[in-house]
file final.cif (mmCIF, C-alpha atoms and all ligand atoms)
data_upload
loop_
_atom_site.label_atom_id
_atom_site.label_comp_id
_atom_site.auth_asym_id
_atom_site.auth_seq_id
_atom_site.Cartn_x
_atom_site.Cartn_y
_atom_site.Cartn_z
CA MET A 1158 101.59 106.70 65.15
CA GLY A 1159 97.84 106.03 64.58
CA SER A 1160 95.52 105.50 67.53
CA LYS A 1161 94.97 101.86 66.50
CA SER A 1162 98.63 100.96 66.70
CA VAL A 1163 98.87 102.72 70.05
CA ASP A 1164 95.98 100.62 71.34
CA GLU A 1165 97.63 97.47 70.07
CA LEU A 1166 100.89 98.46 71.70
CA LEU A 1167 99.22 99.06 75.04
CA GLU A 1168 97.21 95.86 74.86
CA THR A 1169 100.32 93.78 74.18
CA SER A 1170 102.36 95.32 76.96
CA ALA A 1171 99.54 95.32 79.48
CA GLU A 1172 98.71 91.61 79.11
CA VAL A 1173 95.55 90.85 81.09
CA HIS A 1174 94.79 94.46 81.98
CA PHE A 1175 93.76 95.33 78.46
CA SER A 1176 92.14 92.09 77.28
CA GLY A 1177 89.05 93.14 75.36
CA LEU A 1178 89.50 96.80 76.26
CA HIS A 1179 90.47 99.46 73.73
CA LEU A 1180 91.49 102.97 74.56
CA ASP A 1181 88.50 104.06 72.46
CA GLU A 1182 86.32 102.49 75.16
CA LEU A 1183 88.07 104.23 77.99
CA GLU A 1184 85.44 106.88 78.32
CA THR A 1185 82.67 104.33 78.78
CA VAL A 1186 84.72 102.18 81.14
CA ASN A 1187 85.78 105.06 83.33
CA SER A 1188 82.34 106.60 83.60
CA GLU A 1189 80.79 103.23 84.47
CA LYS A 1190 83.36 102.31 87.07
CA GLU A 1191 84.20 105.17 89.45
CA LEU A 1192 87.93 105.66 89.74
CA PRO A 1193 88.75 106.27 93.37
CA THR A 1194 90.27 109.55 94.42
CA THR A 1195 92.42 110.33 97.42
CA SER A 1196 92.04 113.57 99.26
CA ALA A 1197 92.59 115.49 102.41
CA THR A 1198 89.71 114.89 104.81
CA GLU A 1199 87.00 117.41 105.63
CA ASN A 1200 88.98 119.21 108.34
CA GLY A 1201 91.92 119.66 106.01
CA HIS A 1202 94.23 116.84 107.13
CA ARG A 1203 95.06 113.66 105.32
CA GLU A 1204 94.65 110.38 107.18
CA PRO A 1205 98.02 109.00 108.22
CA PHE A 1206 99.24 105.63 106.96
CA VAL A 1207 99.14 103.28 109.95
CA ILE A 1208 101.50 100.31 110.10
CA GLY A 1209 101.17 97.59 112.75
CA VAL A 1210 104.25 95.54 113.61
CA ALA A 1211 103.66 92.43 115.73
CA GLY A 1212 105.79 89.40 116.65
CA GLY A 1213 107.25 87.59 119.62
CA SER A 1214 109.32 89.25 122.29
CA ALA A 1215 112.84 90.10 121.00
CA SER A 1216 111.90 89.04 117.46
CA GLY A 1217 113.28 92.33 116.14
CA LYS A 1218 110.10 94.45 115.94
CA THR A 1219 111.78 97.62 117.19
CA THR A 1220 114.79 97.00 114.97
CA VAL A 1221 112.58 96.60 111.86
CA CYS A 1222 110.65 99.78 112.80
CA GLU A 1223 113.89 101.73 113.18
CA MET A 1224 115.05 100.53 109.76
CA ILE A 1225 111.75 101.64 108.18
CA ILE A 1226 111.92 105.02 109.94
CA GLU A 1227 115.51 105.56 108.80
CA GLN A 1228 114.59 104.89 105.18
CA LEU A 1229 111.46 107.06 105.35
CA HIS A 1230 113.40 110.09 106.59
CA ASP A 1231 111.48 112.42 104.24
CA GLN A 1232 108.17 111.65 105.93
CA ARG A 1233 106.76 112.77 109.25
CA ILE A 1234 106.72 109.46 111.04
CA VAL A 1235 106.03 108.41 114.61
CA LEU A 1236 106.60 105.17 116.51
CA VAL A 1237 104.14 104.11 119.20
CA SER A 1238 104.92 101.06 121.36
CA GLN A 1239 102.25 98.89 122.87
CA GLU A 1240 104.38 98.61 126.00
CA SER A 1241 103.52 102.28 126.76
CA PHE A 1242 100.02 101.00 127.51
CA TYR A 1243 100.89 98.44 130.20
CA TYR A 1244 98.67 98.86 133.28
CA ASN A 1245 100.48 100.14 136.36
CA LEU A 1246 100.95 97.37 138.91
CA SER A 1247 99.15 97.68 142.21
CA LYS A 1248 101.07 97.28 145.51
CA GLU A 1249 99.89 93.66 145.80
CA GLU A 1250 100.88 92.89 142.22
CA MET A 1251 104.26 94.54 142.76
CA ALA A 1252 104.88 92.38 145.81
CA ARG A 1253 104.36 89.28 143.65
CA VAL A 1254 105.71 90.67 140.39
CA HIS A 1255 107.27 87.35 139.37
CA GLU A 1256 103.78 85.91 139.19
CA TYR A 1257 102.47 88.69 136.96
CA ASN A 1258 101.87 87.80 133.32
CA PHE A 1259 103.12 90.72 131.18
CA ASP A 1260 102.48 88.70 128.04
CA HIS A 1261 98.72 88.32 128.47
CA PRO A 1262 96.38 90.66 126.48
CA ASP A 1263 94.80 91.77 129.78
CA ALA A 1264 98.11 93.30 130.90
CA PHE A 1265 97.52 96.18 128.45
CA ASP A 1266 95.11 99.11 128.66
CA THR A 1267 93.77 98.48 125.17
CA GLU A 1268 90.98 101.07 125.49
CA LYS A 1269 93.57 103.78 126.06
CA LEU A 1270 95.73 102.48 123.22
CA LEU A 1271 92.72 102.48 120.90
CA SER A 1272 91.69 106.00 121.83
CA CYS A 1273 95.27 107.32 121.31
CA MET A 1274 95.50 105.62 117.93
CA GLU A 1275 92.09 106.92 116.86
CA ASP A 1276 93.07 110.46 117.83
CA LEU A 1277 96.38 110.20 115.99
CA LYS A 1278 94.64 108.80 112.94
CA SER A 1279 92.23 111.73 112.90
CA GLY A 1280 95.09 114.21 113.08
CA LEU A 1281 95.14 115.07 116.78
CA ALA A 1282 98.21 115.26 119.01
CA VAL A 1283 98.20 112.77 121.91
CA ASN A 1284 100.07 112.12 125.14
CA ILE A 1285 101.55 108.63 125.16
CA PRO A 1286 102.39 107.20 128.60
CA ASN A 1287 106.04 106.57 129.37
CA TYR A 1288 106.56 103.04 130.73
CA ASP A 1289 109.39 102.10 133.07
CA PHE A 1290 110.43 98.44 133.01
CA LYS A 1291 112.19 98.74 136.37
CA THR A 1292 109.24 100.01 138.41
CA HIS A 1293 106.61 98.40 136.12
CA LYS A 1294 104.82 101.77 136.14
CA ASN A 1295 104.16 104.81 133.97
CA ILE A 1296 106.51 107.65 134.72
CA LEU A 1297 105.99 111.35 134.06
CA PRO A 1298 106.19 113.23 131.81
CA ALA A 1299 104.12 111.50 129.14
CA ARG A 1300 105.45 111.77 125.58
CA LYS A 1301 103.58 114.25 123.40
CA VAL A 1302 103.11 112.80 119.93
CA ASN A 1303 102.11 115.11 117.09
CA PRO A 1304 100.04 114.08 114.06
CA SER A 1305 102.19 112.47 111.35
CA ASP A 1306 102.10 111.08 107.83
CA VAL A 1307 102.98 107.60 109.04
CA ILE A 1308 102.23 106.01 112.42
CA ILE A 1309 103.92 102.74 113.34
CA LEU A 1310 102.39 100.79 116.21
CA GLU A 1311 104.62 97.96 117.42
CA GLY A 1312 104.12 95.37 120.13
CA ILE A 1313 103.71 91.69 120.85
CA LEU A 1314 99.90 91.87 120.76
CA VAL A 1315 99.02 94.76 118.45
CA PHE A 1316 96.99 92.43 116.20
CA HIS A 1317 95.00 90.96 119.09
CA ASP A 1318 92.14 93.47 119.29
CA PRO A 1319 90.09 93.69 116.07
CA ARG A 1320 89.37 97.40 116.62
CA VAL A 1321 93.09 98.20 116.73
CA ARG A 1322 93.75 95.98 113.69
CA GLU A 1323 91.01 97.83 111.83
CA LEU A 1324 92.96 101.10 112.12
CA MET A 1325 95.98 99.65 110.33
CA ASN A 1326 96.70 100.13 106.63
CA MET A 1327 99.53 97.60 106.68
CA LYS A 1328 100.19 94.72 109.08
CA ILE A 1329 103.66 93.24 109.44
CA PHE A 1330 104.55 90.16 111.50
CA VAL A 1331 108.21 89.73 112.43
CA ASP A 1332 108.91 86.01 112.43
CA THR A 1333 112.12 85.04 114.17
CA ASP A 1334 113.20 81.62 115.37
CA ALA A 1335 112.28 80.93 119.04
CA ASP A 1336 115.86 80.06 120.08
CA ILE A 1337 117.15 83.32 118.67
CA ARG A 1338 114.39 85.26 120.43
CA LEU A 1339 115.24 83.60 123.74
CA ALA A 1340 118.97 84.23 123.32
CA ARG A 1341 118.35 87.90 122.53
CA ARG A 1342 115.91 88.27 125.39
CA ILE A 1343 118.37 86.82 127.90
CA ARG A 1344 121.06 89.21 126.71
CA ARG A 1345 118.73 92.22 126.67
CA ASP A 1346 117.04 91.57 130.03
CA THR A 1347 120.26 90.77 131.88
CA VAL A 1348 122.37 93.55 130.33
CA ASP A 1349 119.89 96.39 129.61
CA LYS A 1350 117.31 95.68 132.28
CA SER A 1351 119.76 94.35 134.91
CA ARG A 1352 117.60 91.28 135.63
CA ASP A 1353 119.15 88.05 136.83
CA ILE A 1354 119.24 85.15 134.41
CA ARG A 1355 117.16 82.85 136.61
CA THR A 1356 114.28 85.33 136.73
CA VAL A 1357 114.51 85.83 132.97
CA LEU A 1358 114.36 82.08 132.29
CA ASP A 1359 111.52 81.52 134.80
CA GLN A 1360 109.45 84.31 133.26
CA TYR A 1361 110.16 82.92 129.81
CA SER A 1362 109.00 79.39 130.50
CA LYS A 1363 106.07 80.40 132.72
CA PHE A 1364 104.60 83.30 130.69
CA VAL A 1365 106.51 84.44 127.60
CA LYS A 1366 106.62 81.13 125.69
CA PRO A 1367 103.03 80.01 126.48
CA ALA A 1368 101.61 83.45 125.66
CA PHE A 1369 103.49 83.45 122.37
CA GLU A 1370 101.80 80.19 121.43
CA ASP A 1371 98.35 81.07 122.80
CA PHE A 1372 97.99 84.74 121.83
CA ILE A 1373 100.78 86.07 119.60
CA LEU A 1374 101.31 83.31 117.02
CA PRO A 1375 97.55 83.04 116.29
CA THR A 1376 97.58 86.71 115.17
CA LYS A 1377 100.16 85.99 112.46
CA LYS A 1378 97.28 85.16 110.12
CA TYR A 1379 96.21 88.82 110.12
CA ALA A 1380 99.55 89.99 108.72
CA ASP A 1381 99.82 91.33 105.19
CA ILE A 1382 103.56 90.77 105.28
CA ILE A 1383 105.58 88.25 107.30
CA ILE A 1384 109.25 89.09 107.69
CA PRO A 1385 111.43 86.08 108.39
CA ARG A 1386 114.66 86.88 110.31
CA GLY A 1387 113.52 90.39 111.32
CA GLY A 1388 116.08 93.14 110.87
CA ASP A 1389 118.45 90.81 108.98
CA ASN A 1390 115.95 90.79 106.14
CA HIS A 1391 116.95 93.93 104.26
CA VAL A 1392 115.09 92.89 101.11
CA ALA A 1393 111.75 92.71 102.96
CA VAL A 1394 112.33 96.06 104.67
CA ASP A 1395 113.27 97.70 101.31
CA LEU A 1396 110.09 96.34 99.69
CA ILE A 1397 107.95 97.59 102.57
CA VAL A 1398 109.52 101.05 102.36
CA GLN A 1399 108.95 101.15 98.59
CA HIS A 1400 105.28 100.28 99.09
CA ILE A 1401 104.80 102.96 101.74
CA CYS A 1402 106.54 105.56 99.54
CA ALA A 1403 104.25 104.68 96.63
CA LYS A 1404 101.19 105.02 98.88
CA LEU A 1405 102.34 108.35 100.27
CA GLY A 1406 103.78 109.84 97.07
CA GLN A 1407 100.48 110.24 95.33
CA HIS A 1408 99.20 112.39 98.17
CA ASP A 1409 101.97 114.98 98.33
CA LEU A 1410 99.88 117.80 96.85
CA CYS A 1411 97.01 116.97 99.21
CA LYS A 1412 99.27 118.09 102.07
CA ILE A 1413 99.32 121.59 100.59
CA TYR A 1414 95.80 121.87 99.14
CA SER A 1415 93.13 120.56 101.49
CA ASN A 1416 90.44 120.46 98.78
CA LEU A 1417 92.56 118.62 96.21
CA TYR A 1418 91.43 115.20 95.01
CA VAL A 1419 93.87 112.91 93.21
CA ILE A 1420 92.39 110.40 90.76
CA GLN A 1421 93.94 107.03 91.48
CA SER A 1422 96.45 106.04 88.84
CA THR A 1423 95.52 103.12 86.56
CA PHE A 1424 97.40 101.42 83.77
CA GLN A 1425 95.29 103.30 81.20
CA ILE A 1426 96.00 106.67 82.81
CA ARG A 1427 99.72 105.98 83.02
CA GLY A 1428 99.61 104.80 79.39
CA MET A 1429 98.02 108.04 78.22
CA HIS A 1430 100.43 110.14 80.29
CA THR A 1431 103.32 108.28 78.65
CA LEU A 1432 101.91 108.82 75.16
CA ILE A 1433 101.44 112.56 75.49
CA ARG A 1434 105.04 112.89 76.68
CA ASP A 1435 106.46 110.84 73.82
CA ALA A 1436 108.17 113.02 71.18
CA ASN A 1437 107.12 110.50 68.51
CA THR A 1438 103.42 110.86 69.28
CA THR A 1439 101.52 112.53 66.44
CA LYS A 1440 99.71 115.80 66.95
CA HIS A 1441 96.41 113.98 66.43
CA ASP A 1442 97.17 111.39 69.13
CA PHE A 1443 98.50 114.04 71.48
CA ILE A 1444 95.21 115.96 71.25
CA PHE A 1445 93.18 112.75 71.43
CA TYR A 1446 94.77 111.42 74.68
CA SER A 1447 95.18 114.85 76.32
CA ASP A 1448 91.49 115.38 75.71
CA ARG A 1449 90.63 112.07 77.39
CA LEU A 1450 92.77 112.88 80.41
CA ILE A 1451 91.15 116.30 80.72
CA ARG A 1452 87.68 114.73 80.48
CA LEU A 1453 88.50 112.36 83.35
CA VAL A 1454 89.36 115.35 85.52
CA VAL A 1455 86.20 117.22 84.48
CA GLU A 1456 84.01 114.14 85.11
CA HIS A 1457 85.48 113.68 88.58
CA GLY A 1458 85.18 117.38 89.31
CA LEU A 1459 81.51 117.35 88.33
CA GLY A 1460 81.00 114.41 90.67
CA HIS A 1461 81.95 116.65 93.59
CA LEU A 1462 79.37 119.32 92.79
CA PRO A 1463 76.19 119.39 94.90
CA PHE A 1464 73.12 118.19 93.03
CA LYS A 1465 69.46 117.30 93.52
CA GLU A 1466 68.13 114.22 91.77
CA LYS A 1467 65.37 115.06 89.28
CA GLN A 1468 64.12 112.84 86.47
CA ASP A 1469 63.79 115.53 83.74
CA GLN A 1470 67.24 116.91 84.59
CA TYR A 1471 68.73 113.50 83.88
CA ILE A 1472 67.46 113.70 80.32
CA LEU A 1473 68.76 117.25 80.00
CA VAL A 1474 72.20 116.26 81.30
CA TRP A 1475 72.30 113.19 79.07
CA ASN A 1476 71.51 115.31 76.00
CA PHE A 1477 74.23 117.72 77.05
CA VAL A 1478 76.77 114.89 77.46
CA LYS A 1479 75.81 113.44 74.07
CA GLY A 1480 76.18 116.85 72.43
CA TYR A 1481 79.57 117.25 74.10
CA ALA A 1482 80.74 113.87 72.88
CA VAL A 1483 79.64 114.57 69.31
CA SER A 1484 81.25 118.00 69.21
CA GLN A 1485 84.62 116.38 70.03
N1 LIG A 1501 119.18 91.08 113.43
C1 LIG A 1501 119.66 91.16 114.66
N2 LIG A 1501 120.87 90.66 114.96
C2 LIG A 1501 121.35 90.74 116.22
N3 LIG A 1501 120.70 91.28 117.25
C3 LIG A 1501 119.48 91.79 117.01
C4 LIG A 1501 118.88 91.77 115.71
N4 LIG A 1501 117.67 92.32 115.78
C5 LIG A 1501 117.49 92.68 117.07
N5 LIG A 1501 118.57 92.38 117.80
C6 LIG A 1501 118.73 92.59 119.26
O1 LIG A 1501 117.77 91.80 119.90
C7 LIG A 1501 117.14 92.53 120.94
C8 LIG A 1501 115.67 92.61 120.66
O2 LIG A 1501 115.46 93.32 119.46
P1 LIG A 1501 114.24 94.32 119.29
O3 LIG A 1501 114.31 94.89 117.93
O4 LIG A 1501 114.20 95.25 120.45
O5 LIG A 1501 113.04 93.27 119.38
P2 LIG A 1501 111.53 93.46 119.87
O6 LIG A 1501 111.17 94.89 119.65
O7 LIG A 1501 110.78 92.51 119.01
O8 LIG A 1501 111.52 93.06 121.30
C9 LIG A 1501 117.81 93.89 121.00
O9 LIG A 1501 118.79 93.86 121.99
C10 LIG A 1501 118.43 94.04 119.63
O10 LIG A 1501 119.59 94.83 119.66
N1 LIG A 1502 107.30 95.27 133.22
C1 LIG A 1502 107.47 94.47 132.16
C2 LIG A 1502 106.73 94.64 131.02
C3 LIG A 1502 106.95 93.81 129.95
N2 LIG A 1502 107.89 92.84 130.00
C4 LIG A 1502 108.14 91.95 128.85
O1 LIG A 1502 108.31 92.72 127.68
C5 LIG A 1502 108.00 91.93 126.57
C6 LIG A 1502 107.43 92.77 125.45
O2 LIG A 1502 108.40 93.65 124.95
P1 LIG A 1502 109.29 93.27 123.65
O3 LIG A 1502 110.09 94.50 123.40
O4 LIG A 1502 110.12 92.10 124.01
O5 LIG A 1502 108.34 92.96 122.56
C7 LIG A 1502 106.96 90.91 127.03
O6 LIG A 1502 107.32 89.63 126.56
C8 LIG A 1502 107.02 90.99 128.57
O7 LIG A 1502 107.30 89.75 129.11
C9 LIG A 1502 108.61 92.67 131.15
O8 LIG A 1502 109.47 91.76 131.22
N3 LIG A 1502 108.40 93.51 132.22
#
call {"tool": "encode", "arguments": {"input": "final.cif", "output": "structure tokens", "more": "lines below"}}
Ligand SMILES: Nc1ncnc2c1ncn2[C@@H]1O[C@H](COP(=O)(O)OP(=O)(O)O)[C@@H](O)[C@H]1O
Ligand SMILES: Nc1ccn([C@@H]2O[C@H](COP(=O)(O)O)[C@@H](O)[C@H]2O)c(=O)n1
result
Amino acid sequence: MGSKSVDELLETSAEVHFSGLHLDELETVNSEKELPTTSATENGHREPFVIGVAGGSASGKTTVCEMIIEQLHDQRIVLVSQESFYYNLSKEEMARVHEYNFDHPDAFDTEKLLSCMEDLKSGLAVNIPNYDFKTHKNILPARKVNPSDVIILEGILVFHDPRVRELMNMKIFVDTDADIRLARRIRRDTVDKSRDIRTVLDQYSKFVKPAFEDFILPTKKYADIIIPRGGDNHVAVDLIVQHICAKLGQHDLCKIYSNLYVIQSTFQIRGMHTLIRDANTTKHDFIFYSDRLIRLVVEHGLGHLPFKEKQDQYILVWNFVKGYAVSQ
């Protein structure tokens, strides 16, 4: 198999990716355009993958999160609920609890939520408050949450604050029909929370429904993925899990070696890896593509060395690179 036919093969199968690009030009292309690397951060930990899950009350956010967690059983994964960050009600507010709007953004201590999420993202353990729906207060002890590979933050208004949104690598909006949400909420609040149906319906029409329209629905536009029908949508959940696995998979070695950098996979790199593993590849092509893969690693490695910019050194380095290219 000559290198020309290999190039043709790759161009045909890659469609737009390879238009006008030959493997012979790879060296130039890759040195011009920096391929990103992933790595553990300076203090030796890798940034966790943060997923935000928003949607109306009883849309199925928790259910979707549980499905994701179940499928990602190999990963260290933690679920944080926005409801843990409800402000405690004062005595006066408690006395008039039916007039309190739990669906307004101001009901949450967003500064505390932000600080917890920032700490978790930078690899620190945090204490997450424990919220009690009966007393409308935090109860002790707080839940200690350790650093993880994946952090899921779920809640009706997790997309509301831009600083919290900014921390997320993936944003999911659970989109469930309003009638279904109401039916589920009635069942949940009367059965699990022992509330009477009249209170549940009053709260719904006075606060829950208007807040959904005013604050929650407008954040749907920030979502990367919208899941219709929530937990019933197994296809969407499977696709999300596949995406997360792909994102995490490439970092596995970084967990062990804190100074390891992984060059992001591209079609060209995968193509060359395939060729050198193919039993039908000629010795010449094997050496040719192995050499190119090795050079990518060396180029990236050199990029991590400390250097001082000096004009005459540029010329020296350029001559060295040219000599290296010719000798191959
Ligand atoms: N697909 C579903 N089919 C039937 N009931 C569901 C489904 N998804 C969630 N539920 C129920 O609806 C209620 C709310 O679901 P949950 O996942 O807690 O929603 P959220 O976290 O958005 O409030 C729960 O009682 C849950 O058991
Ligand atoms: N003391 C409280 C606090 C919150 N709520 C309601 O919870 C809803 C958010 O939780 P979901 O699991 O449904 O997303 C929100 O709509 C509040 O009305 C409450 O009833 N009492």
call {"tool": "closest_atom_pairs", "arguments": {"input": "final.cif", "of": "chain A", "to": "ligand LIG 1501 (chain A)", "cutoff": "6 Å", "atoms": "all atoms listed in the file", "output": "tab-separated table"}}
result
residue	atom	partner	partner_atom	distance
A:Ser1214	CA	A:LIG1501	O8	4.5
A:Ala1215	CA	A:LIG1501	O8	3.3
A:Ser1216	CA	A:LIG1501	O7	4.0
A:Gly1217	CA	A:LIG1501	O3	3.3
A:Lys1218	CA	A:LIG1501	O7	3.7
A:Thr1219	CA	A:LIG1501	O6	3.7
A:Thr1220	CA	A:LIG1501	O3	3.7
A:Arg1341	CA	A:LIG1501	O1	4.7
A:Arg1345	CA	A:LIG1501	O9	5.0
A:Gly1388	CA	A:LIG1501	N1	4.5
A:Asp1389	CA	A:LIG1501	N1	4.5
call {"tool": "residues_near_ligand", "arguments": {"input": "final.cif", "ligand": "ligand LIG 1502 (chain A)", "cutoff": "8 Å", "atoms": "only C-alpha atoms and all ligand atoms", "output": "PyMOL selection string"}}
result
chain A and resi 1212-1216+1218-1219+1240+1243+1258-1260+1289-1294+1312-1313+1342+1346+1357+1360-1361+1364-1365
call {"tool": "closest_residue", "arguments": {"input": "final.cif", "among": "A:Ser1422, A:Asn1295, A:Asn1287, A:Gln1239", "to": "Leu1270 in chain A", "atoms": "only C-alpha atoms"}}
result
A:Gln1239
call {"tool": "closest_residue", "arguments": {"input": "final.cif", "among": "A:Ile1296, A:Leu1339, A:Val1307, A:Ile1354", "to": "Cys1222 in chain A", "atoms": "all atoms listed in the file"}}
result
A:Val1307
call {"tool": "closest_residue", "arguments": {"input": "final.cif", "among": "A:Thr1438, A:Asn1326, A:Asn1390, A:Asn1303", "to": "Met1224 in chain A", "atoms": "all atoms listed in the file"}}
result
A:Asn1390
call {"tool": "residues_near_point", "arguments": {"input": "final.cif", "point": "(97.5, 104.3, 110.8)", "cutoff": "10 Å", "atoms": "all atoms listed in the file", "output": "ChimeraX atom specification"}}
result
/A:1204-1209,1274-1275,1277-1279,1305-1310,1321-1327
call {"tool": "closest_residue", "arguments": {"input": "final.cif", "among": "A:Asp1395, A:Glu1223, A:Asp1336, A:Asp1318", "to": "Asp1263 in chain A", "atoms": "only C-alpha atoms"}}
result
A:Asp1318
call {"tool": "atom_distance", "arguments": {"input": "final.cif", "atom1": "CA of Val1302 in chain A", "atom2": "CA of Phe1265 in chain A"}}
result
19.5 Å
call {"tool": "atom_distance", "arguments": {"input": "final.cif", "atom1": "CA of Gln1421 in chain A", "atom2": "CA of Glu1456 in chain A"}}
result
13.8 Å
call {"tool": "atom_distance", "arguments": {"input": "final.cif", "atom1": "CA of Lys1328 in chain A", "atom2": "CA of Ile1343 in chain A"}}
result
27.3 Å
call {"tool": "closest_residue", "arguments": {"input": "final.cif", "among": "A:Asn1284, A:Lys1248, A:His1461, A:Asp1332", "to": "Ala1393 in chain A", "atoms": "only C-alpha atoms"}}
result
A:Asp1332
